[in-house]
Each structure stands twice: as C-alpha cells, then as structure tokens.
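Everything below belongs to protein-v5.cif, which stores mmCIF, C-alpha atoms.
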data_start
#
loop_
_atom_site.label_atom_id
_atom_site.label_comp_id
_atom_site.auth_asym_id
_atom_site.auth_seq_id
_atom_site.Cartn_x
_atom_site.Cartn_y
_atom_site.Cartn_z
CA MET A 677 -102.48 -237.89 46.88
CA THR A 678 -98.72 -237.89 46.40
CA ALA A 679 -97.39 -234.84 44.59
CA PRO A 680 -95.77 -235.57 41.23
CA THR A 681 -92.03 -236.01 41.35
CA ARG A 682 -89.96 -233.09 40.03
CA PHE A 683 -87.25 -234.44 37.79
CA SER A 684 -83.93 -232.81 37.09
CA ALA A 685 -81.09 -233.79 34.83
CA ALA A 686 -78.30 -235.69 36.52
CA GLY A 687 -74.65 -234.98 35.94
CA PRO A 688 -73.00 -232.08 34.14
CA ALA A 689 -74.91 -230.10 31.53
CA PRO A 690 -74.43 -231.49 28.01
CA GLN A 691 -72.04 -229.53 25.84
CA PRO A 692 -73.07 -228.33 22.39
CA PRO A 693 -71.45 -230.19 19.51
CA ALA A 694 -68.22 -228.73 18.20
CA PRO A 695 -68.65 -226.75 14.97
CA ASP A 696 -67.79 -228.58 11.77
CA ALA A 697 -64.40 -227.24 10.71
CA ARG A 698 -64.73 -228.27 7.07
CA SER A 699 -64.80 -225.70 4.27
CA SER A 700 -67.85 -224.97 2.13
CA ALA A 701 -66.45 -227.06 -0.72
CA GLU A 702 -65.69 -229.96 1.62
CA LEU A 703 -69.14 -229.89 3.18
CA ILE A 704 -70.85 -229.82 -0.22
CA ARG A 705 -68.77 -232.80 -1.36
CA ALA A 706 -69.57 -234.64 1.89
CA GLU A 707 -73.32 -234.34 1.29
CA GLY A 708 -73.20 -236.18 -2.04
CA PRO A 709 -72.85 -239.77 -0.83
CA VAL A 710 -75.21 -239.49 2.15
CA LEU A 711 -78.03 -237.11 1.18
CA ALA A 712 -80.81 -237.93 -1.29
CA HIS A 713 -80.47 -235.71 -4.34
CA ASN A 714 -83.96 -234.25 -4.21
CA TYR A 715 -82.67 -230.67 -4.29
CA HIS A 716 -80.10 -228.82 -6.37
CA PRO A 717 -79.00 -226.05 -3.98
CA LEU A 718 -76.78 -223.16 -4.91
CA PRO A 719 -73.17 -223.81 -3.83
CA VAL A 720 -73.32 -221.75 -0.65
CA VAL A 721 -73.09 -223.24 2.86
CA VAL A 722 -74.88 -221.02 5.38
CA ALA A 723 -73.49 -221.14 8.91
CA ARG A 724 -75.00 -218.05 10.56
CA ALA A 725 -77.88 -215.67 9.85
CA GLU A 726 -79.55 -212.60 11.27
CA GLY A 727 -82.21 -210.36 9.79
CA VAL A 728 -81.89 -210.27 6.00
CA TRP A 729 -78.25 -211.42 6.00
CA VAL A 730 -76.67 -214.86 6.02
CA GLU A 731 -73.00 -215.79 6.37
CA ASP A 732 -71.26 -218.82 4.98
CA VAL A 733 -68.64 -221.05 6.58
CA GLU A 734 -65.81 -218.80 5.41
CA GLY A 735 -67.50 -215.63 6.69
CA ARG A 736 -68.78 -214.29 3.36
CA ARG A 737 -72.05 -212.37 3.76
CA TYR A 738 -75.07 -212.59 1.46
CA LEU A 739 -78.32 -210.67 1.23
CA ASP A 740 -81.14 -213.22 1.41
CA MET A 741 -83.66 -212.37 -1.30
CA LEU A 742 -85.52 -215.68 -1.07
CA ALA A 743 -86.45 -215.80 2.65
CA GLY A 744 -87.00 -219.54 2.70
CA TYR A 745 -89.76 -219.32 0.05
CA SER A 746 -91.56 -216.89 2.43
CA ALA A 747 -90.99 -218.98 5.56
CA LEU A 748 -88.70 -216.17 6.75
CA ASN A 749 -91.06 -213.24 6.19
CA PHE A 750 -89.77 -211.69 9.43
CA GLY A 751 -86.11 -212.35 8.68
CA HIS A 752 -83.69 -214.75 10.26
CA ARG A 753 -83.90 -215.05 14.04
CA HIS A 754 -86.35 -212.22 14.63
CA PRO A 755 -85.80 -211.26 18.29
CA ALA A 756 -89.46 -211.59 19.30
CA LEU A 757 -89.74 -215.02 17.72
CA VAL A 758 -86.45 -216.29 19.13
CA GLU A 759 -87.44 -215.05 22.58
CA ALA A 760 -90.81 -216.82 22.33
CA ALA A 761 -89.08 -220.06 21.34
CA HIS A 762 -86.48 -219.80 24.12
CA ARG A 763 -89.15 -219.12 26.72
CA GLN A 764 -91.22 -222.10 25.60
CA LEU A 765 -88.19 -224.41 25.44
CA ASP A 766 -87.86 -223.92 29.19
CA GLN A 767 -91.46 -225.02 29.77
CA VAL A 768 -92.76 -227.81 27.53
CA THR A 769 -92.25 -228.53 23.83
CA LEU A 770 -94.52 -231.48 23.02
CA THR A 771 -97.55 -233.10 24.60
CA SER A 772 -99.14 -234.65 21.50
CA ARG A 773 -102.85 -234.04 21.09
CA ALA A 774 -103.56 -236.83 23.59
CA PHE A 775 -103.54 -233.98 26.14
CA HIS A 776 -104.30 -230.26 26.11
CA ASN A 777 -101.49 -227.74 26.40
CA ASP A 778 -101.56 -224.20 27.70
CA ARG A 779 -100.45 -222.52 24.44
CA LEU A 780 -102.83 -223.99 21.87
CA ALA A 781 -106.02 -222.11 22.74
CA GLY A 782 -104.32 -218.72 22.48
CA PHE A 783 -102.72 -219.64 19.16
CA ALA A 784 -106.03 -220.77 17.67
CA GLU A 785 -107.88 -217.72 19.00
CA GLY A 786 -105.26 -215.39 17.57
CA LEU A 787 -105.14 -217.04 14.15
CA ALA A 788 -108.91 -217.13 13.84
CA ALA A 789 -109.08 -213.43 14.71
CA LEU A 790 -106.26 -212.49 12.33
CA THR A 791 -107.90 -214.25 9.39
CA GLY A 792 -111.54 -213.55 10.23
CA MET A 793 -112.32 -217.26 10.37
CA ASP A 794 -113.95 -219.41 13.05
CA MET A 795 -111.87 -222.53 13.65
CA VAL A 796 -108.30 -223.77 13.26
CA LEU A 797 -106.88 -227.21 12.49
CA PRO A 798 -103.17 -227.04 13.42
CA MET A 799 -100.68 -229.06 11.39
CA ASN A 800 -96.94 -228.81 10.67
CA THR A 801 -95.90 -228.49 7.03
CA GLY A 802 -97.60 -226.79 4.12
CA ALA A 803 -98.18 -230.10 2.37
CA GLU A 804 -99.91 -231.41 5.50
CA ALA A 805 -102.19 -228.38 5.51
CA VAL A 806 -103.17 -228.98 1.88
CA GLU A 807 -103.71 -232.70 2.45
CA SER A 808 -105.83 -231.87 5.49
CA GLY A 809 -107.81 -229.31 3.50
CA ILE A 810 -108.55 -231.93 0.85
CA LYS A 811 -109.74 -234.41 3.49
CA VAL A 812 -111.95 -231.79 5.14
CA ALA A 813 -113.45 -230.79 1.77
CA ARG A 814 -114.28 -234.39 0.89
CA LYS A 815 -115.78 -235.07 4.33
CA TRP A 816 -117.86 -231.89 4.02
CA ALA A 817 -119.05 -232.95 0.56
CA TYR A 818 -120.30 -236.29 1.90
CA ASP A 819 -121.69 -235.12 5.24
CA VAL A 820 -123.12 -231.72 4.28
CA LYS A 821 -123.50 -231.44 0.51
CA GLY A 822 -124.71 -235.02 0.06
CA VAL A 823 -122.28 -236.19 -2.63
CA ALA A 824 -122.43 -239.95 -3.16
CA PRO A 825 -119.70 -241.90 -1.35
CA ASP A 826 -116.27 -241.83 -3.02
CA GLN A 827 -117.52 -239.56 -5.82
CA ALA A 828 -116.31 -236.16 -4.58
CA THR A 829 -114.14 -234.14 -6.96
CA ILE A 830 -111.88 -231.15 -6.41
CA VAL A 831 -111.07 -228.66 -9.17
CA VAL A 832 -107.51 -227.32 -9.27
CA ALA A 833 -105.48 -225.05 -11.56
CA ALA A 834 -102.77 -226.03 -14.00
CA ASP A 835 -99.22 -225.01 -13.07
CA ASN A 836 -100.14 -225.29 -9.40
CA PHE A 837 -97.75 -226.07 -6.59
CA HIS A 838 -99.36 -227.37 -3.42
CA GLY A 839 -96.66 -229.74 -2.17
CA ARG A 840 -94.98 -233.02 -3.02
CA THR A 841 -96.97 -235.83 -1.41
CA THR A 842 -98.30 -238.53 -3.70
CA THR A 843 -101.81 -237.05 -3.64
CA LEU A 844 -100.59 -233.51 -4.31
CA VAL A 845 -98.34 -234.46 -7.23
CA SER A 846 -101.26 -236.44 -8.64
CA PHE A 847 -102.79 -233.17 -9.83
CA SER A 848 -99.54 -231.35 -10.61
CA THR A 849 -98.89 -230.45 -14.26
CA ASP A 850 -95.14 -230.17 -13.69
CA PRO A 851 -93.58 -233.34 -15.13
CA VAL A 852 -90.50 -233.00 -12.91
CA ALA A 853 -92.64 -233.07 -9.77
CA ARG A 854 -95.12 -235.67 -11.05
CA ALA A 855 -93.42 -238.20 -13.31
CA GLY A 856 -92.53 -241.55 -11.82
CA TYR A 857 -94.81 -241.47 -8.77
CA GLY A 858 -97.95 -243.19 -10.07
CA PRO A 859 -100.46 -244.64 -9.65
CA TYR A 860 -102.02 -241.27 -8.99
CA THR A 861 -104.81 -240.32 -6.63
CA PRO A 862 -108.11 -239.82 -8.50
CA GLY A 863 -110.76 -237.21 -7.85
CA PHE A 864 -109.15 -234.06 -9.27
CA ARG A 865 -109.99 -231.96 -12.33
CA VAL A 866 -107.34 -229.63 -13.70
CA VAL A 867 -108.32 -226.42 -15.52
CA PRO A 868 -106.22 -223.49 -16.77
CA TYR A 869 -105.37 -220.89 -14.13
CA ASN A 870 -107.05 -217.49 -14.48
CA ASP A 871 -109.82 -218.94 -16.68
CA LEU A 872 -113.26 -218.61 -15.11
CA ALA A 873 -115.09 -220.17 -18.06
CA ALA A 874 -112.99 -223.34 -17.85
CA LEU A 875 -113.50 -223.44 -14.10
CA GLU A 876 -117.26 -223.15 -14.42
CA ALA A 877 -117.33 -225.94 -16.99
CA ALA A 878 -115.45 -228.25 -14.63
CA VAL A 879 -117.68 -227.71 -11.59
CA ASP A 880 -120.70 -230.00 -11.15
CA GLU A 881 -122.79 -231.63 -8.44
CA THR A 882 -119.83 -233.81 -7.35
CA THR A 883 -117.52 -230.86 -6.73
CA ALA A 884 -116.46 -230.58 -3.12
CA ALA A 885 -114.13 -227.61 -3.59
CA VAL A 886 -112.10 -225.41 -5.87
CA LEU A 887 -108.49 -225.31 -4.64
CA ILE A 888 -106.25 -222.54 -5.98
CA GLU A 889 -103.32 -220.33 -5.08
CA PRO A 890 -104.34 -216.65 -5.19
CA ILE A 891 -100.88 -216.10 -6.71
CA GLN A 892 -99.00 -219.03 -8.20
CA GLY A 893 -95.54 -218.85 -6.65
CA GLU A 894 -93.63 -221.82 -8.03
CA ALA A 895 -94.97 -221.13 -11.51
CA GLY A 896 -93.16 -217.78 -11.48
CA VAL A 897 -95.32 -215.49 -9.30
CA LEU A 898 -98.28 -215.56 -11.67
CA ILE A 899 -100.88 -212.98 -10.67
CA PRO A 900 -104.41 -213.51 -12.00
CA ASP A 901 -106.47 -210.83 -13.70
CA ASP A 902 -108.42 -208.44 -11.52
CA GLY A 903 -111.77 -210.03 -10.79
CA TYR A 904 -110.60 -213.64 -11.05
CA LEU A 905 -110.67 -214.33 -7.32
CA THR A 906 -114.02 -212.57 -7.04
CA GLY A 907 -115.28 -214.75 -9.86
CA VAL A 908 -114.05 -217.91 -8.14
CA ARG A 909 -115.84 -216.86 -4.96
CA GLU A 910 -119.11 -216.17 -6.77
CA LEU A 911 -118.91 -219.36 -8.82
CA THR A 912 -118.28 -221.61 -5.83
CA ARG A 913 -121.07 -219.97 -3.88
CA ARG A 914 -123.53 -220.55 -6.73
CA ALA A 915 -122.35 -224.14 -7.20
CA GLY A 916 -122.57 -224.95 -3.50
CA CYS A 917 -118.94 -226.00 -3.15
CA LEU A 918 -116.03 -224.72 -1.07
CA PHE A 919 -113.42 -222.17 -2.13
CA ILE A 920 -110.06 -223.24 -0.67
CA ALA A 921 -107.29 -220.62 -0.95
CA ASP A 922 -103.75 -221.94 -0.59
CA GLU A 923 -102.00 -218.96 1.02
CA ILE A 924 -98.98 -220.92 2.24
CA GLN A 925 -96.59 -218.71 0.23
CA SER A 926 -98.76 -215.69 -0.52
CA GLY A 927 -100.19 -215.17 2.95
CA LEU A 928 -99.08 -213.52 6.18
CA GLY A 929 -97.88 -210.20 4.83
CA ARG A 930 -95.97 -211.16 1.70
CA THR A 931 -98.16 -209.27 -0.79
CA GLY A 932 -98.78 -206.16 1.30
CA ARG A 933 -101.92 -207.56 2.92
CA THR A 934 -102.33 -210.21 5.59
CA LEU A 935 -103.79 -212.46 2.88
CA ALA A 936 -103.48 -212.18 -0.89
CA VAL A 937 -107.25 -212.69 -1.32
CA GLU A 938 -107.74 -209.35 0.46
CA HIS A 939 -106.61 -207.55 -2.70
CA GLU A 940 -110.08 -208.38 -4.03
CA SER A 941 -111.86 -208.33 -0.65
CA VAL A 942 -112.61 -212.02 -1.07
CA VAL A 943 -113.32 -214.33 1.85
CA PRO A 944 -112.83 -218.02 0.98
CA ASP A 945 -114.41 -220.85 2.93
CA VAL A 946 -111.06 -222.41 3.80
CA LEU A 947 -107.56 -220.94 4.14
CA LEU A 948 -104.37 -222.99 4.05
CA LEU A 949 -101.46 -221.35 5.88
CA GLY A 950 -97.89 -222.38 6.63
CA LYS A 951 -94.29 -221.26 6.02
CA ALA A 952 -94.19 -217.81 7.71
CA LEU A 953 -96.55 -219.05 10.43
CA GLY A 954 -93.55 -220.76 12.04
CA GLY A 955 -91.33 -217.70 11.78
CA GLY A 956 -88.51 -219.70 10.20
CA ILE A 957 -87.99 -221.44 13.56
CA VAL A 958 -90.35 -224.41 13.60
CA PRO A 959 -92.69 -225.86 10.97
CA VAL A 960 -96.23 -224.62 11.63
CA SER A 961 -99.21 -224.85 9.31
CA ALA A 962 -102.97 -224.71 9.66
CA VAL A 963 -106.30 -225.15 7.98
CA VAL A 964 -108.46 -222.18 8.99
CA ALA A 965 -112.12 -222.25 8.05
CA ARG A 966 -115.73 -221.59 8.86
CA ARG A 967 -117.13 -223.50 11.81
CA ASP A 968 -119.61 -225.51 9.73
CA VAL A 969 -116.73 -226.75 7.55
CA LEU A 970 -114.23 -227.82 10.19
CA GLU A 971 -116.91 -229.26 12.44
CA VAL A 972 -117.23 -232.20 10.03
CA LEU A 973 -114.15 -233.63 11.78
CA HIS A 974 -114.72 -235.76 14.85
CA PRO A 975 -112.23 -237.29 17.31
CA GLY A 976 -110.10 -239.96 15.72
CA GLU A 977 -110.89 -239.00 12.12
CA HIS A 978 -107.77 -236.89 11.57
CA GLY A 979 -104.70 -236.01 13.60
CA SER A 980 -101.03 -235.15 13.93
CA THR A 981 -98.69 -235.95 16.81
CA PHE A 982 -96.84 -232.65 16.43
CA GLY A 983 -99.71 -230.51 15.14
CA GLY A 984 -100.45 -227.77 17.66
CA ASN A 985 -97.47 -228.62 19.88
CA PRO A 986 -96.66 -226.01 22.57
CA LEU A 987 -93.43 -224.83 20.93
CA ALA A 988 -95.14 -224.35 17.57
CA ALA A 989 -98.11 -222.62 19.21
CA ALA A 990 -95.83 -220.25 21.13
CA VAL A 991 -93.87 -219.24 18.03
CA GLY A 992 -97.04 -219.07 15.92
CA SER A 993 -98.66 -216.79 18.50
CA ALA A 994 -95.63 -214.49 18.36
CA VAL A 995 -95.94 -214.38 14.56
CA ILE A 996 -99.62 -213.44 14.90
CA ASP A 997 -98.67 -210.67 17.33
CA LEU A 998 -96.22 -209.23 14.76
CA LEU A 999 -98.82 -209.30 11.99
CA SER A 1000 -101.54 -207.86 14.21
CA THR A 1001 -99.69 -204.51 14.25
CA GLY A 1002 -100.04 -204.15 10.47
CA GLU A 1003 -96.42 -202.96 10.27
CA TYR A 1004 -95.17 -205.78 8.08
CA GLN A 1005 -98.07 -205.58 5.67
CA ARG A 1006 -97.40 -201.84 5.26
CA ARG A 1007 -93.69 -202.43 4.72
CA ALA A 1008 -94.38 -205.03 2.05
CA ALA A 1009 -96.75 -202.68 0.26
CA GLU A 1010 -94.44 -199.66 0.42
CA LEU A 1011 -91.22 -201.47 -0.43
CA GLY A 1012 -93.10 -203.37 -3.11
CA GLU A 1013 -93.33 -200.10 -5.00
CA VAL A 1014 -89.55 -199.74 -4.78
CA LEU A 1015 -89.17 -203.28 -6.10
CA ARG A 1016 -91.53 -202.64 -9.00
CA ALA A 1017 -89.79 -199.41 -9.93
CA GLY A 1018 -86.38 -201.07 -9.86
CA LEU A 1019 -87.50 -203.96 -12.04
CA ALA A 1020 -89.24 -201.58 -14.44
CA GLY A 1021 -85.90 -199.81 -14.82
CA LEU A 1022 -84.29 -203.10 -15.86
CA THR A 1023 -86.99 -204.01 -18.36
CA GLY A 1024 -85.43 -204.03 -21.81
CA LYS A 1025 -81.99 -204.24 -20.21
CA GLY A 1026 -81.98 -208.00 -19.73
CA VAL A 1027 -85.39 -208.26 -18.05
CA THR A 1028 -88.08 -209.21 -20.55
CA GLY A 1029 -90.94 -208.99 -18.08
CA PHE A 1030 -91.88 -209.30 -14.43
CA ARG A 1031 -94.85 -209.79 -12.15
CA ALA A 1032 -94.83 -208.32 -8.66
CA ARG A 1033 -97.18 -207.86 -5.74
CA GLY A 1034 -95.86 -206.57 -2.46
CA LEU A 1035 -92.36 -207.90 -1.79
CA TRP A 1036 -92.74 -210.80 -4.20
CA ALA A 1037 -91.70 -210.87 -7.84
CA GLY A 1038 -91.10 -213.27 -10.68
CA VAL A 1039 -88.51 -211.83 -13.04
CA ASP A 1040 -88.18 -213.14 -16.59
CA VAL A 1041 -84.63 -212.79 -17.90
CA ASP A 1042 -83.65 -212.79 -21.57
CA PRO A 1043 -82.72 -216.45 -22.22
CA ALA A 1044 -79.77 -215.24 -24.27
CA LEU A 1045 -78.22 -214.03 -21.02
CA GLY A 1046 -78.54 -217.36 -19.25
CA THR A 1047 -80.91 -219.69 -17.47
CA GLY A 1048 -82.50 -218.79 -14.18
CA ARG A 1049 -79.98 -221.06 -12.48
CA GLU A 1050 -77.05 -219.29 -14.12
CA ILE A 1051 -78.41 -215.86 -13.18
CA SER A 1052 -78.87 -217.08 -9.59
CA GLU A 1053 -75.25 -218.31 -9.46
CA ARG A 1054 -73.97 -214.97 -10.78
CA LEU A 1055 -76.02 -213.09 -8.20
CA MET A 1056 -74.59 -215.35 -5.50
CA ARG A 1057 -71.12 -214.19 -6.51
CA GLU A 1058 -72.43 -210.63 -6.09
CA GLY A 1059 -73.50 -211.46 -2.54
CA VAL A 1060 -77.23 -211.82 -3.27
CA LEU A 1061 -79.15 -215.08 -2.85
CA VAL A 1062 -82.18 -215.80 -5.06
CA LYS A 1063 -83.64 -218.96 -6.56
CA ASP A 1064 -84.66 -219.74 -10.09
CA THR A 1065 -87.86 -221.41 -11.14
CA HIS A 1066 -88.88 -222.54 -14.62
CA GLY A 1067 -86.66 -221.53 -17.55
CA SER A 1068 -85.07 -218.13 -17.19
CA THR A 1069 -87.32 -216.88 -14.38
CA VAL A 1070 -85.89 -215.79 -11.03
CA ARG A 1071 -87.96 -215.28 -7.89
CA LEU A 1072 -87.42 -212.39 -5.48
CA ALA A 1073 -89.02 -212.65 -2.04
CA PRO A 1074 -86.88 -210.90 0.59
CA PRO A 1075 -87.76 -210.78 4.28
CA LEU A 1076 -90.32 -208.07 5.00
CA THR A 1077 -87.74 -206.52 7.35
CA ILE A 1078 -85.45 -205.52 4.47
CA THR A 1079 -84.58 -201.81 4.22
CA GLU A 1080 -85.02 -199.70 1.13
CA ASP A 1081 -81.24 -199.40 0.75
CA GLU A 1082 -80.78 -203.17 0.99
CA LEU A 1083 -83.54 -203.77 -1.54
CA SER A 1084 -82.07 -201.21 -3.93
CA SER A 1085 -78.63 -202.79 -3.63
CA ALA A 1086 -80.08 -206.17 -4.61
CA ILE A 1087 -81.76 -204.67 -7.66
CA GLU A 1088 -78.49 -202.95 -8.60
CA ALA A 1089 -76.70 -206.28 -8.31
CA LEU A 1090 -79.23 -207.82 -10.68
CA GLY A 1091 -78.59 -204.99 -13.10
CA ARG A 1092 -74.84 -205.62 -12.97
CA VAL A 1093 -75.30 -209.34 -13.56
CA LEU A 1094 -77.54 -208.70 -16.56
CA GLY A 1095 -75.05 -206.22 -17.96
CA GLU A 1096 -72.12 -208.63 -17.84
#
Show me this structure written as structure tokens.
Amino acid sequence: MTAPTRFSAAGPAPQPPAPDARSSAELIRAEGPVLAHNYHPLPVVVARAEGVWVEDVEGRRYLDMLAGYSALNFGHRHPALVEAAHRQLDQVTLTSRAFHNDRLAGFAEGLAALTGMDMVLPMNTGAEAVESGIKVARKWAYDVKGVAPDQATIVVAADNFHGRTTTLVSFSTDPVARAGYGPYTPGFRVVPYNDLAALEAAVDETTAAVLIEPIQGEAGVLIPDDGYLTGVRELTRRAGCLFIADEIQSGLGRTGRTLAVEHESVVPDVLLLGKALGGGIVPVSAVVARRDVLEVLHPGEHGSTFGGNPLAAAVGSAVIDLLSTGEYQRRAAELGEVLRAGLAGLTGKGVTGFRARGLWAGVDVDPALGTGREISERLMREGVLVKDTHGSTVRLAPPLTITEDELSSAIEALGRVLGE
C-alpha cells in the first residue's frame, strides 16, 4: 500500500493582516452600515486583552467585570488555554464527526468525570446545547416514558434566558427577545420562577422535562429560595420526567462551585454547559447526562459538523484540567465574600439591592441615578467594563482570576459613579 502523501504549503508563509489604523470612533462608525444592529455595545473598541484587563485601540486600559457573560471565567488568553490551542493548531483542527479524532475521547471522559455524569453530547454554542437538550428530552419521552407522538411538553420558568433561536424565544417572556419572530414552537408551559406549587400544577403525564436555570442570569442574577432546586429534583423524580439544568452561565466555577446546583447537593438528569467550557478561545458546549437519557440518540438522528472538533476538545480538556484543581471554585467563593461586602457597603448609597453568589452579582441601582446603560457608560469612563440588563440593574461577573485589589477597585469605581 502506498503511504499517504505528506503535504506542505508552497511558497512563502502568509503574512498576518496589517492592523486597522482607524480610531475607536471611526471603527464604531464603520460598523453601522455593514453590521446588523442586533447588539447595542458600549462605545469601547477592544484591541488587546490579557487576564482581567482589556485595552482599546488608543491604548486605554479597562478592568473587565463582565468576562464575556462568563465565557471568560479564566480571564483573557489564559496561558494554559492558549498553549493548548496553539499545540492543537499545529496538529488538526477539524475532522467533522464523519471520523474519530484523537482528542474527543479524553474531553468526554474528563467532562463526565468533572460533572459526575455518564455521557457527553458535544456541541458548539449555548443555544445549540439547549436545543439539543430539548430534542433529547422529547426523544426520551417518546422512547422511554411512552408519551404519545408529538404530545411531549417541557415546563420552563418565566424570565428565562436560554438563547435566541426560534424555538428558544418561543418560550421567552422577554418581549424584546420574542416579539416579531412567530409563529412560535409549541410544546412549552411557562410557570413563575421559584414557585414549586406552580411548577407542580404544570407537570402532567405529557411532561418530558423541567428546564430551568439554577440562577437566572439575564433576568438580573435571580437566585431562588433555598430548597427550590431540591424541590424541583424531588418533583421531577415523582412525576417521572427529566430535570434539565441550564448551567451555561452559572456553571464551571462562577458561583464558587463547579455547578450551581451543588449549592443544594442536587444532581439533575441533564446538564447544559457552554461559555466557559471554551475558555474564551473557541465556542464549546455540551449536553451531559445519564447514560439512559443520551442513549436515546442513534446515528443520524442528531449531529453537528463542528461539535467535538479537535481544537474545541483540546481547549475544553484544558478547561477541565483547570477546574479539576478546585482552585477557581475556591477563588470564586472567597472573592465572592469580598464582592458581597463591597456591595453591602453601597446599599443605601445608590444601590437599592443586590443578589450575589460567588463572583456573580446583579446590582439594582436607584433609577433616579440613571438607567443600567447609563451607569455602565459612566463606569466605562472610570476604566471598568460592565453590562446592564433590565431597567437599572447592572451585572458583575469578573474573571475568576481577578485579585482582591482589582475587585475592590471596581467596587470603589461603582461607588464613585453612584456618588456623582
């Protein structure tokens, strides 16, 4: 048999593109005519980043207190993650799932061990993980539970945020995310968050799953009452349906535990993970579940060209290695106390209330002092980047690598902005 040909690039090595010499203002203006206006970013143009700091085109530095909505739990360009990506770029980046690759088994083994689950379905974005979780739950309901064809229902919570696909906005209660995208996908029942009685009333013999966020991030970091997650677990077990926990924002160290459900020692049937799983380098998400749940999928019934690609698996494995030490979970828990104390000191001084768990907080600002957007813009001028959510609420979610001094300086900046 003839050995496979070894290919090499011909000609000189390609040169990287020249940096764009335009100013921040010029680049922002240039986006307007050519980019869809689906976001309203703060007027800062990031050109470089490392750790918890980013730098704009003009060289101004900012403390990143958003961390890519938790995609950057380990900071920008964490050395171990960058090294893993560089090493894999020199080997192979994509095979599709038409073939096996040498990084996928280790990634799946590591993620299953980290979460205490059996099997992994690798995907790319958080929305893909949620969509896949919904498909798996429906397939399980028909194949295992015996629900009549096309009759499966899924119970979700009001004020949820699970993504922006047409199916996911079908059960959103946010009119900005939902309006104008009908007709909507049927099969979902919406109940108030943190209300076990309403949840129990909505569950019946057609229920495939209950899908909730252990902490509702987009809604303003809403933390349920103690015992709520335990109640959801007990209710779903009695009803013979699945408990799906969307930990795409709350998981992987953010709340001081590997998973937010661990605060109540709850083990769901299905976990949805994403954001931090790609280390801020590549999009990586996954459905992680019991074997009897994920084994309802058979070849050809679900897939993703990029899901489980070697580059994603290499970076994801490096993320798992970081979390396996427990260091980042401990940092989030310890620095979370500093965050809580700082916000408590601002309560009554422009802060009307806050909710925090680990290094994650939703801060309600007195509306008389400005909207969340206005507070975010003022903080930007102080060299601190945050992002507003509904009304006058600002979210704080710094990288878990932040130091106590850096965290304290951000809280002091918030105090100055509120005192203006």
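Of note, CA of Glu923 (chain A) and CA of Ala803 (chain A) are spaced 11.9 Å apart.
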Inset, instruction - State, in Å with one decimal place, the distance from CA of Glu1013 (chain A) to CA of Ile924 (chain A). - result: 22.8 Å
Inset, instruction - Would you kindly translate the PyMOL selection byres ((chain A and resi 806) around 8) into the concrete residues it picks from this file, as an MDAnalysis selection string? - result: chainID A and resid 802:805 807:810 838:839 922 948 963
Legend entry - Resolved residues for the PyMOL selection byres ((chain A and resi 815) around 12) as a ChimeraX atom specification: /A:808-814,816-829,883-885,918,968-974,977-978
Legend entry - Residues within 12 Å of Leu1015 (chain A), only C-alpha atoms, excluding chain neighbours under 2 positions, as JSON, numbers by chain: {"A": [741, 1007, 1008, 1009, 1010, 1011, 1012, 1013, 1017, 1018, 1019, 1020, 1021, 1022, 1030, 1031, 1032, 1033, 1034, 1035, 1036, 1037, 1038, 1039, 1072, 1073, 1074, 1078, 1079, 1080, 1081, 1082, 1083, 1084, 1085, 1086, 1087, 1088, 1090]}
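Distance-wise, CA of Ser699 (chain A) and CA of Asn714 (chain A) end up 22.6 Å apart.
Evaluated against this file, the PyMOL selection byres ((chain A and resi 762-765) around 12) yields Arg753, Pro755, Ala756, Leu757, Val758, Glu759, Ala760, Ala761, Asp766, Gln767, Val768, Thr769, Leu770, Asn777, Asp778, Arg779, Ile957, Asn985, Pro986, Leu987, Ala988, Ala989, Ala990, Val991, Gly992, Ser993 and Ala994 of chain A.
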Legend entry - Pick from A:Leu872, A:Ala788, A:Ala1089, A:Leu887, whichever lies nearest to Asp901 (chain A) using all atoms listed in the file: A:Leu872
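Comparing the minimum interatomic distances between Phe750 (chain A) and each of A:Met1056, A:Ile996, A:Ala878, A:Val722, counting only C-alpha atoms, we find that A:Ile996 sits nearest.
Minimum atom-to-atom distances from A:Arg966, A:His713, A:Arg1016, A:Arg1049 to His1066 (chain A) were compared using all atoms listed in the file, and the lowest value belongs to A:Arg1049.
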Legend entry - Close residues, Gly735 (chain A) itself excluded, 12 Å, all atoms listed in the file, min 4 positions apart in chain, as an NGL selection string: :A and (699-700 or 720-725 or 729-731 or 1059)
Inset, instruction - Find the spatial neighbours of Ile888 (chain A), counting only C-alpha atoms, within a cut-off of 7 Å - ignore same-chain residues fewer than 3 positions away - and output them as a ChimeraX atom specification. - result: /A:832-833,920-922
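Here the question is which of A:Leu718, A:Lys1025, A:Ala743, A:Asn800 gets nearest to Val958 (chain A) using all atoms listed in the file, and that residue is A:Asn800.
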Legend entry - Contacts of region 789-796 of chain A at 7 Å (all atoms listed in the file; same-chain gap of 2+ positions) as JSON, numbers by chain: {"A": [784, 785, 786, 787, 798, 962, 963, 964, 965, 966, 967, 970, 1000]}
